[in-house]
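Engineer: To be precise about what I am sending: the file is called work11.cif and holds mmCIF, C-alpha atoms.
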```
data_model
loop_
_atom_site.label_atom_id
_atom_site.label_comp_id
_atom_site.auth_asym_id
_atom_site.auth_seq_id
_atom_site.Cartn_x
_atom_site.Cartn_y
_atom_site.Cartn_z
CA MET A 383 9.93 -7.63 -6.83
CA ILE A 384 11.14 -11.12 -5.85
CA SER A 385 14.51 -10.74 -7.58
CA ARG A 386 15.39 -7.80 -5.34
CA ILE A 387 15.10 -9.88 -2.17
CA ILE A 388 15.80 -13.38 -3.45
CA ALA A 389 18.79 -13.94 -1.12
CA LEU A 390 16.72 -12.88 1.89
CA LEU A 391 13.83 -15.13 0.84
CA VAL A 392 16.06 -18.18 0.38
CA ALA A 393 17.57 -17.59 3.83
CA LEU A 394 14.09 -17.15 5.36
CA ILE A 395 12.92 -20.42 3.79
CA VAL A 396 15.99 -22.55 4.54
CA LEU A 397 17.40 -21.38 7.88
CA PRO A 398 14.36 -22.20 10.09
CA ASP A 399 14.29 -25.72 8.62
CA VAL A 400 18.03 -26.15 9.20
CA TRP A 401 17.60 -25.07 12.82
CA PHE A 402 14.51 -27.26 13.33
CA TYR A 403 16.18 -30.30 11.74
CA ARG A 404 19.33 -30.03 13.81
CA ARG A 405 17.43 -29.28 16.99
CA HIS A 406 14.62 -31.83 16.79
CA LEU A 407 15.20 -34.37 14.03
CA GLY A 408 18.91 -34.69 13.39
CA ARG A 409 19.57 -36.80 16.48
CA ARG A 410 16.62 -39.15 16.02
CA PRO A 411 16.88 -42.47 14.20
CA LEU A 412 14.55 -41.54 11.34
CA ARG A 413 14.40 -43.39 8.05
CA ARG A 414 15.91 -41.69 5.02
CA LEU A 415 12.42 -41.33 3.49
CA TRP A 416 11.18 -39.18 6.38
CA ARG A 417 14.33 -37.07 6.32
CA THR A 418 13.84 -36.50 2.59
CA LEU A 419 10.15 -35.63 2.98
CA PHE A 420 11.05 -33.04 5.61
CA TRP A 421 13.04 -30.99 3.09
CA ILE A 422 10.58 -31.17 0.19
CA PRO A 423 8.51 -28.05 1.13
CA ALA A 424 11.62 -25.91 1.57
CA VAL A 425 13.15 -27.09 -1.70
CA ALA A 426 9.87 -26.53 -3.54
CA LEU A 427 9.51 -22.99 -2.16
CA VAL A 428 13.11 -22.12 -3.03
CA CYS A 429 12.52 -23.31 -6.60
CA TYR A 430 9.26 -21.30 -6.71
CA ALA A 431 11.11 -18.19 -5.48
CA LEU A 432 13.89 -18.64 -8.05
CA ALA A 433 11.32 -19.01 -10.83
CA LEU A 434 9.57 -15.79 -9.77
CA SER A 435 12.90 -13.97 -9.52
CA ALA A 436 13.56 -14.81 -13.17
CA VAL A 437 10.52 -12.75 -14.27
CA ASP A 438 11.69 -9.57 -16.03
CA HIS A 439 8.90 -7.39 -14.65
CA PHE A 440 8.23 -6.28 -11.07
CA ALA A 441 5.70 -9.13 -10.79
CA PRO A 442 4.51 -11.87 -13.15
CA ARG A 443 1.79 -10.83 -15.55
CA GLU A 444 -0.32 -13.69 -14.19
CA ILE A 445 -0.15 -12.17 -10.72
CA ASN A 446 -1.92 -15.08 -8.99
CA TYR A 447 1.43 -16.92 -9.14
CA LEU A 448 2.86 -14.22 -6.88
CA PHE A 449 -0.16 -14.26 -4.57
CA LEU A 450 0.08 -18.05 -4.14
CA PHE A 451 3.79 -17.88 -3.36
CA LEU A 452 3.31 -15.18 -0.73
CA PHE A 453 0.43 -17.09 0.86
CA LEU A 454 2.48 -20.29 1.06
CA LEU A 455 5.39 -18.32 2.46
CA GLY A 456 3.13 -16.95 5.17
CA LEU A 457 1.64 -20.33 6.06
CA LEU A 458 4.67 -22.60 5.82
CA VAL A 459 7.72 -20.43 6.51
CA VAL A 460 6.78 -17.50 8.74
CA PRO A 461 5.42 -19.65 11.64
CA LYS A 462 8.55 -21.83 11.60
CA ALA A 463 10.79 -18.77 11.53
CA ILE A 464 8.94 -17.24 14.49
CA TYR A 465 9.12 -20.48 16.47
CA ALA A 466 12.82 -20.98 15.69
CA LEU A 467 13.70 -17.43 16.69
CA CYS A 468 11.77 -17.60 19.98
CA SER A 469 13.19 -21.02 20.81
CA ALA A 470 16.75 -19.88 20.08
CA LEU A 471 16.34 -16.77 22.24
CA GLY A 472 14.75 -18.87 24.97
CA SER A 473 17.68 -21.30 24.88
CA LEU A 474 20.14 -18.43 25.18
CA TRP A 475 18.16 -16.97 28.11
CA ARG A 476 18.10 -20.37 29.83
CA ARG A 477 21.86 -20.76 29.56
CA LEU A 478 22.70 -17.23 30.64
CA PHE A 479 20.45 -17.29 33.70
CA HIS A 480 20.64 -21.03 34.45
CA LYS A 481 16.90 -21.67 34.05
CA ARG A 482 15.43 -25.17 33.94
CA HIS A 483 12.92 -24.57 31.15
CA ASN A 484 13.11 -22.96 27.72
CA TRP A 485 9.99 -20.82 27.74
CA GLY A 486 10.88 -19.66 24.24
CA ASN A 487 9.42 -22.91 22.91
CA ALA A 488 5.99 -22.23 24.40
CA ILE A 489 6.04 -18.56 23.40
CA GLY A 490 7.22 -19.45 19.89
CA LEU A 491 4.49 -22.06 19.47
CA LEU A 492 1.80 -19.60 20.55
CA LEU A 493 3.11 -16.86 18.25
CA ALA A 494 3.41 -19.33 15.37
CA ILE A 495 -0.24 -20.34 15.77
CA LEU A 496 -1.30 -16.69 15.95
CA SER A 497 0.71 -15.91 12.82
CA VAL A 498 -1.13 -18.64 10.88
CA VAL A 499 -4.47 -17.21 12.01
CA GLY A 500 -3.29 -13.71 11.08
CA ILE A 501 -2.09 -14.78 7.64
CA ILE A 502 -5.39 -16.47 6.82
CA TYR A 503 -7.47 -13.57 8.17
CA GLY A 504 -5.35 -10.86 6.53
CA SER A 505 -5.44 -12.62 3.15
CA THR A 506 -9.20 -13.18 3.15
CA THR A 507 -11.43 -11.18 5.49
CA GLY A 508 -8.91 -8.41 6.16
CA VAL A 509 -8.68 -7.28 2.54
CA MET A 510 -12.46 -6.98 2.19
CA GLN A 511 -13.43 -4.95 5.29
CA LEU A 512 -13.88 -1.53 3.69
CA LYS A 513 -14.23 1.27 6.25
CA VAL A 514 -15.44 4.87 5.90
CA ARG A 515 -13.28 7.25 7.92
CA GLN A 516 -14.58 10.70 8.89
CA VAL A 517 -12.07 13.56 9.22
CA GLU A 518 -12.37 17.33 9.68
CA TYR A 519 -9.92 20.07 8.74
CA ALA A 520 -10.36 23.69 9.82
CA SER A 521 -8.66 26.71 8.27
CA ALA A 522 -9.09 30.44 8.66
CA ASP A 523 -8.35 30.77 4.93
CA LEU A 524 -11.37 28.69 3.90
CA PRO A 525 -14.06 30.87 2.26
CA GLU A 526 -17.36 31.06 4.13
CA ALA A 527 -19.28 29.42 1.29
CA PHE A 528 -17.13 26.27 1.65
CA ASP A 529 -17.74 25.76 5.37
CA GLY A 530 -18.96 22.15 5.55
CA TYR A 531 -17.61 21.25 2.08
CA ARG A 532 -17.26 17.44 1.88
CA ILE A 533 -14.48 15.66 0.00
CA VAL A 534 -14.18 11.90 -0.43
CA GLU A 535 -10.58 10.76 -0.81
CA PHE A 536 -9.61 7.29 -1.98
CA SER A 537 -6.32 5.87 -3.16
CA ASP A 538 -4.29 2.80 -4.10
CA VAL A 539 -6.98 0.74 -5.78
CA HIS A 540 -4.43 -1.55 -7.50
CA ALA A 541 -7.06 -2.98 -9.84
CA GLY A 542 -4.82 -5.88 -10.86
CA THR A 543 -5.00 -7.19 -7.30
CA LEU A 544 -8.79 -6.94 -6.96
CA ILE A 545 -9.56 -10.12 -8.88
CA ASP A 546 -11.32 -13.39 -8.04
CA PHE A 547 -12.96 -13.23 -4.58
CA ARG A 548 -11.58 -9.70 -4.07
CA ASP A 549 -13.41 -8.30 -7.13
CA PRO A 550 -16.61 -7.33 -5.21
CA LEU A 551 -14.55 -4.75 -3.28
CA ILE A 552 -14.68 -2.57 -6.42
CA ASP A 553 -18.48 -2.29 -6.31
CA LYS A 554 -18.45 -1.95 -2.53
CA MET A 555 -16.00 0.96 -2.82
CA VAL A 556 -17.99 2.70 -5.60
CA ASP A 557 -21.26 2.37 -3.69
CA SER A 558 -19.67 3.62 -0.45
CA ILE A 559 -18.19 6.66 -2.19
CA ASN A 560 -21.46 7.60 -3.88
CA ALA A 561 -23.38 7.06 -0.65
CA GLN A 562 -21.46 9.95 0.95
CA LYS A 563 -23.09 12.51 -1.40
CA ALA A 564 -19.81 14.41 -1.47
CA ASP A 565 -19.16 17.77 -3.06
CA LEU A 566 -15.91 16.48 -4.56
CA VAL A 567 -14.24 13.08 -4.97
CA VAL A 568 -10.45 12.88 -5.28
CA PHE A 569 -8.27 9.92 -6.17
CA VAL A 570 -4.60 10.20 -5.20
CA GLY A 571 -2.90 7.54 -7.29
CA ASP A 572 -2.09 3.87 -7.99
CA LEU A 573 -5.12 2.77 -9.95
CA GLN A 574 -3.21 -0.17 -11.46
CA ASN A 575 -0.34 -2.48 -10.55
CA MET A 576 1.68 -2.48 -13.76
CA TRP A 577 -0.41 -2.74 -16.94
CA PRO A 578 -3.11 -0.40 -18.34
CA GLU A 579 -5.13 -3.47 -19.39
CA GLU A 580 -5.87 -4.10 -15.70
CA LEU A 581 -8.33 -1.20 -15.87
CA ASP A 582 -10.47 -2.66 -18.66
CA ARG A 583 -12.58 -4.76 -16.30
CA VAL A 584 -13.15 -1.92 -13.79
CA GLN A 585 -13.53 1.20 -15.96
CA GLY A 586 -17.28 0.91 -16.30
CA ARG A 587 -17.79 0.53 -12.57
CA LEU A 588 -15.36 3.30 -11.61
CA SER A 589 -17.03 5.69 -14.05
CA ARG A 590 -20.14 5.51 -11.83
CA ILE A 591 -18.33 7.48 -9.13
CA GLY A 592 -19.77 10.98 -9.05
CA ALA A 593 -19.98 14.18 -7.02
CA LYS A 594 -21.32 17.71 -7.40
CA ASP A 595 -17.90 19.02 -8.48
CA GLY A 596 -16.79 15.81 -10.17
CA VAL A 597 -13.83 13.50 -9.64
CA MET A 598 -10.26 14.76 -9.73
CA ALA A 599 -7.25 12.46 -9.81
CA VAL A 600 -3.48 12.30 -9.84
CA LEU A 601 -1.16 9.48 -10.88
CA GLY A 602 0.76 7.21 -8.52
CA ASN A 603 4.06 5.42 -9.05
CA HIS A 604 2.26 2.27 -10.28
CA ASP A 605 0.34 4.30 -12.88
CA TYR A 606 3.56 4.82 -14.80
CA ALA A 607 5.41 2.05 -16.64
CA LYS A 608 8.35 1.87 -14.25
CA TYR A 609 7.56 -1.68 -13.10
CA VAL A 610 7.68 -3.34 -16.52
CA LYS A 611 10.79 -4.03 -18.57
CA VAL A 612 9.87 -2.77 -22.02
CA ASP A 613 11.45 -0.45 -24.56
CA ALA A 614 11.01 3.32 -24.26
CA ALA A 615 8.31 3.53 -26.94
CA THR A 616 6.20 0.82 -25.30
CA ARG A 617 6.68 2.42 -21.89
CA GLU A 618 5.42 5.76 -23.20
CA LEU A 619 2.47 4.07 -24.93
CA ASN A 620 1.51 2.21 -21.74
CA GLU A 621 1.53 5.45 -19.74
CA LEU A 622 -0.60 7.23 -22.34
CA GLN A 623 -3.07 4.32 -22.35
CA THR A 624 -3.42 4.51 -18.56
CA GLN A 625 -4.06 8.25 -18.71
CA THR A 626 -6.59 7.80 -21.54
CA ARG A 627 -8.49 5.18 -19.57
CA ILE A 628 -8.64 7.43 -16.50
CA ARG A 629 -9.95 10.39 -18.50
CA SER A 630 -12.48 8.17 -20.29
CA MET A 631 -14.13 7.53 -16.91
CA GLY A 632 -14.95 11.24 -16.67
CA TRP A 633 -12.24 11.95 -14.11
CA GLN A 634 -10.21 15.17 -14.33
CA LEU A 635 -6.56 14.07 -14.34
CA LEU A 636 -4.32 16.77 -12.85
CA MET A 637 -0.74 16.47 -14.11
CA ASN A 638 0.98 19.45 -12.49
CA GLU A 639 -2.21 21.42 -13.06
CA ASN A 640 -4.94 23.13 -11.04
CA ARG A 641 -8.69 23.72 -11.18
CA LYS A 642 -10.88 26.31 -9.48
CA ILE A 643 -14.14 25.38 -7.75
CA ARG A 644 -16.70 28.15 -7.21
CA ARG A 645 -19.55 28.69 -4.81
CA GLY A 646 -21.10 32.03 -5.76
CA ARG A 647 -18.35 34.64 -5.43
CA ASP A 648 -16.15 32.39 -3.30
CA SER A 649 -13.75 29.77 -4.64
CA ILE A 650 -11.10 27.24 -3.67
CA VAL A 651 -8.37 25.75 -5.86
CA VAL A 652 -7.48 22.09 -6.30
CA ALA A 653 -3.97 21.40 -7.62
CA GLY A 654 -2.48 18.04 -8.50
CA THR A 655 1.11 17.05 -9.10
CA GLU A 656 2.53 14.08 -10.91
CA ASP A 657 4.21 11.41 -8.85
CA VAL A 658 7.94 11.46 -8.18
CA CYS A 659 7.95 8.24 -10.25
CA GLY A 660 10.62 6.52 -8.25
CA ALA A 661 13.20 9.32 -8.42
CA ILE A 662 13.43 9.45 -4.63
CA TYR A 663 13.52 5.68 -4.32
CA GLU A 664 15.43 4.58 -7.44
CA LYS A 665 17.93 6.20 -9.77
CA GLY A 666 17.18 6.44 -13.47
CA TYR A 667 13.60 7.72 -13.27
CA PRO A 668 12.68 11.35 -13.93
CA VAL A 669 11.23 13.65 -11.29
CA ARG A 670 7.83 14.37 -12.78
CA CYS A 671 6.42 16.20 -9.77
CA ASP A 672 6.50 19.96 -10.44
CA VAL A 673 4.89 21.90 -7.60
CA PRO A 674 5.62 25.41 -9.01
CA LYS A 675 3.97 24.45 -12.30
CA ALA A 676 0.98 22.93 -10.48
CA VAL A 677 0.30 26.15 -8.55
CA GLU A 678 1.03 28.51 -11.43
CA GLY A 679 -1.44 31.41 -11.58
CA ILE A 680 -2.99 30.72 -8.16
CA ASP A 681 -3.60 33.68 -5.87
CA LYS A 682 -1.66 33.07 -2.64
CA ARG A 683 -4.65 34.33 -0.65
CA SER A 684 -6.81 31.47 -1.94
CA PHE A 685 -7.51 28.21 -0.16
CA LEU A 686 -5.45 25.55 -1.92
CA LEU A 687 -6.06 21.79 -1.76
CA MET A 688 -3.08 19.82 -3.08
CA LEU A 689 -3.26 16.25 -4.38
CA GLN A 690 -0.06 14.17 -4.41
CA HIS A 691 0.46 10.44 -4.30
CA ALA A 692 3.62 10.21 -2.17
CA PRO A 693 3.57 11.84 1.31
CA ILE A 694 7.33 12.38 1.23
CA VAL A 695 6.77 15.19 -1.29
CA TRP A 696 4.90 17.24 1.34
CA PRO A 697 7.83 18.31 3.54
CA ASP A 698 10.34 18.28 0.68
CA SER A 699 8.44 20.24 -1.97
CA ILE A 700 4.83 21.15 -1.21
CA LEU A 701 5.42 23.03 2.04
CA PRO A 702 8.34 25.16 0.77
CA GLN A 703 7.06 25.65 -2.80
CA SER A 704 3.35 26.32 -2.28
CA HIS A 705 0.89 27.75 0.21
CA ALA A 706 -1.32 24.62 0.16
CA GLN A 707 -3.28 24.54 3.40
CA LEU A 708 -4.30 20.89 3.01
CA THR A 709 -2.57 18.12 1.08
CA LEU A 710 -4.10 14.71 0.40
CA ALA A 711 -1.83 11.72 -0.24
CA GLY A 712 -1.74 7.91 -0.24
CA HIS A 713 0.97 5.47 -1.32
CA THR A 714 1.80 3.99 2.11
CA HIS A 715 -1.23 1.65 2.43
CA GLY A 716 -0.83 2.37 6.15
CA GLY A 717 1.85 -0.33 6.09
CA GLN A 718 -0.99 -2.88 5.54
CA VAL A 719 -0.17 -4.31 8.98
CA ARG A 720 -0.61 -2.56 12.31
CA LEU A 721 -0.03 -4.30 15.62
CA PHE A 722 -0.08 -2.46 18.95
CA GLY A 723 -0.19 0.82 17.06
CA LEU A 724 2.99 0.05 15.10
CA SER A 725 3.23 -0.19 11.31
CA PRO A 726 6.15 -1.46 9.18
CA TYR A 727 6.01 1.80 7.20
CA LEU A 728 7.18 3.71 10.28
CA PHE A 729 10.65 2.31 9.54
CA VAL A 730 10.50 4.23 6.24
CA SER A 731 8.78 7.46 7.23
CA LYS A 732 6.67 8.92 10.01
CA TYR A 733 3.97 9.75 7.44
CA ASP A 734 2.36 6.31 7.48
CA ALA A 735 -1.35 7.18 7.73
CA GLY A 736 -3.66 9.82 9.18
CA MET A 737 -3.44 13.59 9.65
CA PHE A 738 -0.14 15.40 10.05
CA TYR A 739 0.34 19.09 10.85
CA GLU A 740 2.99 21.74 10.31
CA GLY A 741 1.50 24.73 12.05
CA ASP A 742 -1.95 25.31 10.52
CA ARG A 743 -1.03 23.42 7.35
CA ALA A 744 -1.88 19.74 7.19
CA MET A 745 -1.57 16.56 5.16
CA PHE A 746 -3.88 13.58 5.34
CA VAL A 747 -2.45 10.23 4.23
CA SER A 748 -5.01 7.57 3.32
CA SER A 749 -4.34 3.88 3.98
CA GLY A 750 -5.88 3.17 0.58
CA VAL A 751 -8.11 0.42 -0.72
CA SER A 752 -5.72 -2.29 -1.84
CA GLY A 753 -2.07 -2.99 -2.73
CA VAL A 754 0.10 -5.18 -4.92
CA VAL A 755 0.14 -7.72 -2.08
CA PRO A 756 -3.46 -8.66 -1.08
CA PHE A 757 -3.04 -8.57 2.68
CA ARG A 758 -4.46 -6.34 5.45
CA LEU A 759 -4.15 -6.86 9.19
CA GLY A 760 -5.16 -4.03 11.50
CA VAL A 761 -5.26 -1.62 8.54
CA PRO A 762 -8.61 -2.09 6.77
CA PRO A 763 -9.21 -0.72 3.27
CA GLU A 764 -10.71 2.74 3.55
CA ILE A 765 -12.32 5.68 1.88
CA VAL A 766 -12.01 8.99 3.70
CA VAL A 767 -14.65 11.72 4.06
CA ILE A 768 -12.94 15.05 4.78
CA THR A 769 -15.16 17.92 5.89
CA LEU A 770 -13.69 21.40 5.53
CA ARG A 771 -14.50 23.88 8.29
CA LYS A 772 -14.04 27.63 8.53
CA LYS A 773 -11.86 28.38 11.56
CA ARG A 774 -13.47 31.21 13.46
#
```
Would you kindly transcribe this structure into structure tokens?
Structural biologist:
Amino acid sequence: MISRIIALLVALIVLPDVWFYRRHLGRRPLRRLWRTLFWIPAVALVCYALALSAVDHFAPREINYLFLFLFLLGLLVVPKAIYALCSALGSLWRRLFHKRHNWGNAIGLLLAILSVVGIIYGSTTGVMQLKVRQVEYASADLPEAFDGYRIVEFSDVHAGTLIDFRDPLIDKMVDSINAQKADLVVFVGDLQNMWPEELDRVQGRLSRIGAKDGVMAVLGNHDYAKYVKVDAATRELNELQTQTRIRSMGWQLLMNENRKIRRGRDSIVVAGTEDVCGAIYEKGYPVRCDVPKAVEGIDKRSFLLMLQHAPIVWPDSILPQSHAQLTLAGHTHGGQVRLFGLSPYLFVSKYDAGMFYEGDRAMFVSSGVSGVVPFRLGVPPEIVVITLRKKR
């Protein structure tokens, strides 16, 4: 993770200090000791970043080392970078328009203070504020017996992140899901960060999740072994261990498969595809998602609910290769930050979070419960209650 952006991180750490030193300290008669002390935090963070970049895996196995680095980066580097950028822009504005004052300094100071508050809030309170979102979807194809059918969707638990003070979110999530008295619970991927052993401490609690028609699940990109550098045999064993743990909780794991749910003579079908496993994002990983196989044997007149981790599969594969009226996805975490209605994920795809329509067909993308990085600002962890309605 860090190794992929190490050059950017070093620049982010060093450049604001270079600017600040030259702008405010370089011309002052300071003792050598004070000049040396000024550079210690930047040097220490660069060394920390280089050490993390040397880790073979996506993140260190002791993931708290990564969390601490990101928190320090947010507290010590981001505010300085914001202030330096605003001050530099303010200086340019002052010169171009012959102004007396550099208002960029005041704006930068205010934004820097707000960023510190945001970092602290998003790393503590923000990651624990679980919300229950209510959504409705209406379709003329829904059988009469399923009018009012309630589905709880949750995604992106990332159990390896929910440790220490974040651990109670597991029980809070389980209790909130069960409190909905849903007909069906679906999980749409990313139960772990990297290792199947992360699930050992949460399996018992997650197995308490129940519904009239059970719990159905699909795998996410983090539920495969693509983020650890191990040999092929170990990678396959890790993936099998993750799948075994999921099934041991009583969940029905759909790997390009489907299940029929009946209410008297009426029925709906739930299909689940494997994740693309990085094939769209990185070369060298197989495309495991197989929509035609997942919908094999399904009557095209039936109401079909599709489960898929990555929303990008919906326009590329699910819409053209199936008749699924409603697709449920996750993966995006809603960008984990949303300010003034804008999310960083919108730079990647328009399917960041919420309901999206193509005619009468729809996809709902959940913002999920957690993420590899324990930070939420404006995008609280969520479970989603989806009520199906018969369109008259």
Engineer: Could you tell me which residues the PyMOL selection byres ((chain A and resi 672) around 10) grabs in this file, written as a list in words?
Structural biologist: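 Given this file, the PyMOL selection byres ((chain A and resi 672) around 10) evaluates to Met637, Asn638, Glu639, Gly654, Thr655, Glu656, Asp657, Val658, Val669, Arg670, Cys671, Val673, Pro674, Lys675, Ala676, Val677, Ser699, Ile700 and Gln703 of chain A.
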Engineer: Please enumerate the residues selected by the PyMOL selection byres ((chain A and resi 443) around 12) when evaluated against the supplied file, formatted as a PDB file with C-alpha atoms, keeping the file's coordinate frame.
Structural biologist:
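Final file, out_35.pdb:
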```
ATOM      1  CA  LEU A 434       9.570 -15.790  -9.770  1.00  0.00           C
ATOM      2  CA  VAL A 437      10.520 -12.750 -14.270  1.00  0.00           C
ATOM      3  CA  ASP A 438      11.690  -9.570 -16.030  1.00  0.00           C
ATOM      4  CA  HIS A 439       8.900  -7.390 -14.650  1.00  0.00           C
ATOM      5  CA  PHE A 440       8.230  -6.280 -11.070  1.00  0.00           C
ATOM      6  CA  ALA A 441       5.700  -9.130 -10.790  1.00  0.00           C
ATOM      7  CA  PRO A 442       4.510 -11.870 -13.150  1.00  0.00           C
ATOM      8  CA  GLU A 444      -0.320 -13.690 -14.190  1.00  0.00           C
ATOM      9  CA  ILE A 445      -0.150 -12.170 -10.720  1.00  0.00           C
ATOM     10  CA  ASN A 446      -1.920 -15.080  -8.990  1.00  0.00           C
ATOM     11  CA  TYR A 447       1.430 -16.920  -9.140  1.00  0.00           C
ATOM     12  CA  LEU A 448       2.860 -14.220  -6.880  1.00  0.00           C
ATOM     13  CA  PHE A 449      -0.160 -14.260  -4.570  1.00  0.00           C
ATOM     14  CA  GLY A 542      -4.820  -5.880 -10.860  1.00  0.00           C
ATOM     15  CA  THR A 543      -5.000  -7.190  -7.300  1.00  0.00           C
ATOM     16  CA  ASN A 575      -0.340  -2.480 -10.550  1.00  0.00           C
ATOM     17  CA  MET A 576       1.680  -2.480 -13.760  1.00  0.00           C
ATOM     18  CA  TRP A 577      -0.410  -2.740 -16.940  1.00  0.00           C
ATOM     19  CA  PRO A 578      -3.110  -0.400 -18.340  1.00  0.00           C
ATOM     20  CA  GLU A 579      -5.130  -3.470 -19.390  1.00  0.00           C
ATOM     21  CA  GLU A 580      -5.870  -4.100 -15.700  1.00  0.00           C
ATOM     22  CA  TYR A 609       7.560  -1.680 -13.100  1.00  0.00           C
ATOM     23  CA  VAL A 610       7.680  -3.340 -16.520  1.00  0.00           C
ATOM     24  CA  LYS A 611      10.790  -4.030 -18.570  1.00  0.00           C
TER      25      LYS A 611
END
```
Engineer: Using all atoms listed in the file, determine which residues lie at most 12 Å from Gly602 of chain A, disregarding the query and same-chain residues fewer than 2 positions distant; provide the list as a ChimeraX atom specification.
Structural biologist: /A:537-540,569-576,599-600,604-608,621,624-625,635-637,654-660,670-671,689-693,711-714,750
Engineer: For atom CA of Thr709 of chain A and atom CA of Asp549 of chain A, quote the distance in Å rounded to one decimal.
Structural biologist: 29.7 Å
Engineer: Measuring between all atoms listed in the file, which one of A:Asp595, A:Glu618, A:Asp613, A:Glu678 shows the shortest distance to Gln634 of chain A?
Structural biologist: A:Asp595
Engineer: Counting only C-alpha atoms, what is within 10 Å of segment 416-426 of chain A, bar same-chain residues fewer than 5 positions away, as a list in words?
Structural biologist: Val392, Leu394, Ile395, Val396, Leu397, Pro398, Asp399, Val400, Tyr403, Leu407, Gly408, Pro411, Ala431, Leu432, Leu454, Leu455, Leu458 and Val459 of chain A
Engineer: Go ahead and compute the interatomic distance for atom CA of Gly753 of chain A and atom CA of Gly716 of chain A, in Å to one decimal.
Structural biologist: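 If I compute the distance from atom CA of Gly753 of chain A to atom CA of Gly716 of chain A, I get 10.4 Å.
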Engineer: Please, what distance in Å, to one decimal, runs between atom CA of Ile464 of chain A and atom CA of Arg548 of chain A?
Structural biologist: 28.7 Å
Engineer: Determine, counting all atoms listed in the file, which protein, DNA and RNA residues have an atom within 12 Å of an atom of Arg647 of chain A; residues of the same chain fewer than 6 positions away are not included. Present the result as a PyMOL selection string.
Structural biologist: chain A and resi 525-528
